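Novice: Let me begin by handing over the structure; questions about it come next.
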Amino acid sequence: MSPALRRRRNRQLLLVLLLLSALLLLLGLSTGSTGFSPWFSQDETMRKILWEIRAPRSIGAWLAGALLALAGAIAQGLFRNPLADPYLLGCSAGASLGVAALLFALGFSPAATALALRLGMTGAAFAGAVLAVLLTLLLARGVEQSLRLLLAGVIVGVVLGSASSLLTLANPDMLRAMQAFMLGSTGFLGWNAVAIMAVVLLATLALALACSKTLDALTLGEATARSLGLRLALVRLLLIAALTLATGAAVAQCGLIAFVGLVAPHLVRSWAPTAHGQLLLAAPLAGGTLLLASDILARWLIAPQELPVGVITALLGGSYLLWLMRKRSQGQGIGL
């Protein structure tokens with residue numbers, strides 16, 4: 001594919017994703033368990049439903065998907081592995097342990113209860129995700145070796161996941177709350193969550209774009225990147241910080257949502273091969289579109305009840321990856 005054609009396809013993709021995001025946002029504002037669209041209603045209750053429930057939920061779902069997709073694009077470029085996802089460094093297990101520890105502490109003692117209520121489930125999940133990545137870095141002895149980082153992330157994920165399971169078994173009453181967190185939900189998003197995710201998205205996107213040239217160089221191998229005079233250790237640390245912040249913010253607000261961070265960069269690359277500068281812009285648009293579409297499906301399929309949005313993303317993402325595997329087995333070699 002010529003550079004001119006690649007640039008044109010990339011511009012087309014960005015435009016299509018922006019239009020899809022706008023259309024889905026309008027659809028999200030018009031879709032709910034009550035089955036009505038309160039756009040021109042004079043009823044105060046219906047207006048509150050629109051602006052205090054559906055609007056922050058729809059915008060928040062898009063932002064969470066964008067954060068996960070950005071983190072996935074960073075992880076895949078950083079580790080030069082198309083199967084890397086945002087949870088690779090133990091973020092998901094750490095967030096789960098943070099929530100489990102919070103729920104376990106409630107009612108354990110007055111001091112523990114006061115601390116847990118002050119921290120909140122969102123704060124506990126974010127703190128757990130950050131702690132997991134710090135443990136991974138400590139176990140890997142820095143960021144110099146990509147393979148060591150991967151192995152350390154797997155080990156930390158297994159250990160913290162086991163600890164979370166033990167806390168849940170010790171207090172079966174917290175099983176329902178943990179299940180809601182593990183399956184992912186956008187039903188509790190408010191304007192505060194939207195503001196937090198928007199700020200984190202802007203900050204992490206700017207940081208990732210500043211490191212995009214290094215990600216391009218890493219595709220040629222670490223030796224080549226070093227020969228270009230790049231400070232790989234510093235850039236890796238900055239990218240891991242961006243990955244952790246993006247993943248932690250999304251998981252803290254919505255729980256564990258599968259496949260968005262893995263699939264969204266693949267969708268972009270399947271449209272046209274692109275440098276990381278373009279990928280880091282397009283992947284969040286694709287991730288936000290994917291998660292918002294999944295959230296609308298979760299609200300609509302069995303209305304007035306709702307499905308966990310993580311179930312929808314797992315079905316869609318798993319189906320897409322199966323399709324990729326089938327195309328590759330037929331010799332067409334797409335992305336995976």
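Residues in the structure tokens are numbered from 1 in each chain, the chains being A, B, ... in the order shown, and ligands are numbered from 1 in the order shown.
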Neighbouring residues of Gln278 (chain A) were defined as those with any atom within 10 Å, considering only C-alpha atoms; residues of the same chain fewer than 2 positions away were excluded. Please report them as number ranges by chain.

Specialist: A: 7, 10-11, 14, 209, 212, 268, 273-276, 280-283

Novice: So which residues touch His266 (chain A) within 12 Å, counting only C-alpha atoms, skipping near sequence neighbours fewer than 3 positions away, as a PyMOL selection string?

Specialist: chain A and resi 69-70+72-73+76-77+81-85+259-263+269-274+279-280+282-284+286-287+317+320-321+324+334-336

Novice: To one decimal place, how far is CA of Leu316 (chain A) from CA of Arg57 (chain A) in Å?

Specialist: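 Rounded to one decimal, the two atoms are 20.3 Å apart.
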
Novice: When DSSP is applied to the backbone of this structure, which of region 269-320 of chain A are assigned helix (DSSP H, G or I)? Write them out as number ranges by chain.

Specialist: A: 269-271, 276-300, 309-320

Novice: Any chance you can output those residues with C-alpha atoms as a PDB file, in the first residue's frame?

Specialist:
```pdb
ATOM      1  CA  ARG A 269      -4.662  -2.043  11.774  1.00  0.00           C
ATOM      2  CA  SER A 270      -6.956  -4.270   9.733  1.00  0.00           C
ATOM      3  CA  TRP A 271      -8.257  -1.177   7.926  1.00  0.00           C
ATOM      4  CA  HIS A 276       1.876   4.523  16.027  1.00  0.00           C
ATOM      5  CA  GLY A 277       1.075   8.219  15.867  1.00  0.00           C
ATOM      6  CA  GLN A 278      -2.054   7.456  13.828  1.00  0.00           C
ATOM      7  CA  LEU A 279      -2.794   4.253  15.727  1.00  0.00           C
ATOM      8  CA  LEU A 280      -2.789   6.040  19.082  1.00  0.00           C
ATOM      9  CA  LEU A 281      -5.380   8.485  17.727  1.00  0.00           C
ATOM     10  CA  ALA A 282      -7.612   5.963  15.953  1.00  0.00           C
ATOM     11  CA  ALA A 283      -7.565   3.167  18.549  1.00  0.00           C
ATOM     12  CA  PRO A 284      -9.300   5.250  21.281  1.00  0.00           C
ATOM     13  CA  LEU A 285     -12.003   6.225  18.782  1.00  0.00           C
ATOM     14  CA  ALA A 286     -12.502   2.558  17.886  1.00  0.00           C
ATOM     15  CA  GLY A 287     -12.486   1.494  21.534  1.00  0.00           C
ATOM     16  CA  GLY A 288     -14.979   4.157  22.555  1.00  0.00           C
ATOM     17  CA  THR A 289     -17.264   3.222  19.661  1.00  0.00           C
ATOM     18  CA  LEU A 290     -17.030  -0.477  20.520  1.00  0.00           C
ATOM     19  CA  LEU A 291     -17.792  -0.073  24.223  1.00  0.00           C
ATOM     20  CA  LEU A 292     -20.612   2.423  23.659  1.00  0.00           C
ATOM     21  CA  ALA A 293     -22.205   0.090  21.089  1.00  0.00           C
ATOM     22  CA  SER A 294     -21.870  -2.798  23.558  1.00  0.00           C
ATOM     23  CA  ASP A 295     -23.450  -0.700  26.316  1.00  0.00           C
ATOM     24  CA  ILE A 296     -26.423   0.136  24.110  1.00  0.00           C
ATOM     25  CA  LEU A 297     -26.842  -3.560  23.287  1.00  0.00           C
ATOM     26  CA  ALA A 298     -26.623  -4.428  26.984  1.00  0.00           C
ATOM     27  CA  ARG A 299     -29.472  -1.997  27.711  1.00  0.00           C
ATOM     28  CA  TRP A 300     -31.632  -3.043  24.765  1.00  0.00           C
ATOM     29  CA  VAL A 309     -21.563  -4.844  29.387  1.00  0.00           C
ATOM     30  CA  GLY A 310     -18.496  -7.050  29.899  1.00  0.00           C
ATOM     31  CA  VAL A 311     -20.499 -10.025  28.649  1.00  0.00           C
ATOM     32  CA  ILE A 312     -21.324  -8.202  25.413  1.00  0.00           C
ATOM     33  CA  THR A 313     -17.717  -7.098  24.805  1.00  0.00           C
ATOM     34  CA  ALA A 314     -16.477 -10.636  25.493  1.00  0.00           C
ATOM     35  CA  LEU A 315     -18.912 -12.075  22.936  1.00  0.00           C
ATOM     36  CA  LEU A 316     -18.099  -9.462  20.303  1.00  0.00           C
ATOM     37  CA  GLY A 317     -14.361  -9.513  20.932  1.00  0.00           C
ATOM     38  CA  GLY A 318     -14.160 -13.292  21.050  1.00  0.00           C
ATOM     39  CA  SER A 319     -16.120 -13.584  17.812  1.00  0.00           C
ATOM     40  CA  TYR A 320     -13.835 -11.090  16.106  1.00  0.00           C
TER      41      TYR A 320
END
```

Novice: What lies within 10 Å of Leu201 (chain A) using only C-alpha atoms, ignoring chain neighbours under 2 positions off, as a PyMOL selection string?

Specialist: chain A and resi 63-64+66-68+70-71+195-199+203-207+242+245-246+249-250+284

Novice: By how many Å are CA of Gln12 (chain A) and CA of Thr31 (chain A) apart?

Specialist: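 For CA of Gln12 (chain A) relative to CA of Thr31 (chain A), the distance reads 28.1 Å.
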
Novice: Which residue gives the smallest distance to Trp51 (chain A) among A:Gly120, A:Gly161, A:Gly190, A:Gly142, with only C-alpha atoms counted?

Specialist: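 Closest to Trp51 (chain A), using only C-alpha atoms: A:Gly190.
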
Novice: Quick one: pull the distance between CA of Val159 (chain A) and CA of Gly255 (chain A), Å, one decimal.

Specialist: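 One can read the CA of Val159 (chain A) to CA of Gly255 (chain A) distance as 19.2 Å.
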
Novice: Identify, on the basis of only C-alpha atoms, every residue whose closest approach to region 147-152 of chain A does not exceed 10 Å; exclude the query and any residue fewer than 6 positions from it along the same chain; express the result as an NGL selection string.

Specialist: :A and (79 or 84 or 88-90 or 133 or 135-141 or 158)

Novice: Could you give me, as a list in words, the residues within 10 Å of Glu144 (chain A), counting only C-alpha atoms and dropping anything in the same chain fewer than 5 positions from it?

Specialist: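 My reading of the contact set: Leu137, Leu149, Leu232, Ala233, Leu234, Arg236 and Leu237 of chain A.
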
Novice: Name the closest residue to Leu218 (chain A) among the candidates A:Leu29, A:Val130, A:Ala170, A:Ile74; distances are taken between atoms, counting only C-alpha atoms.

Specialist: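 Of A:Leu29, A:Val130, A:Ala170, A:Ile74, the one nearest Leu218 (chain A), counting only C-alpha atoms, is A:Ile74.
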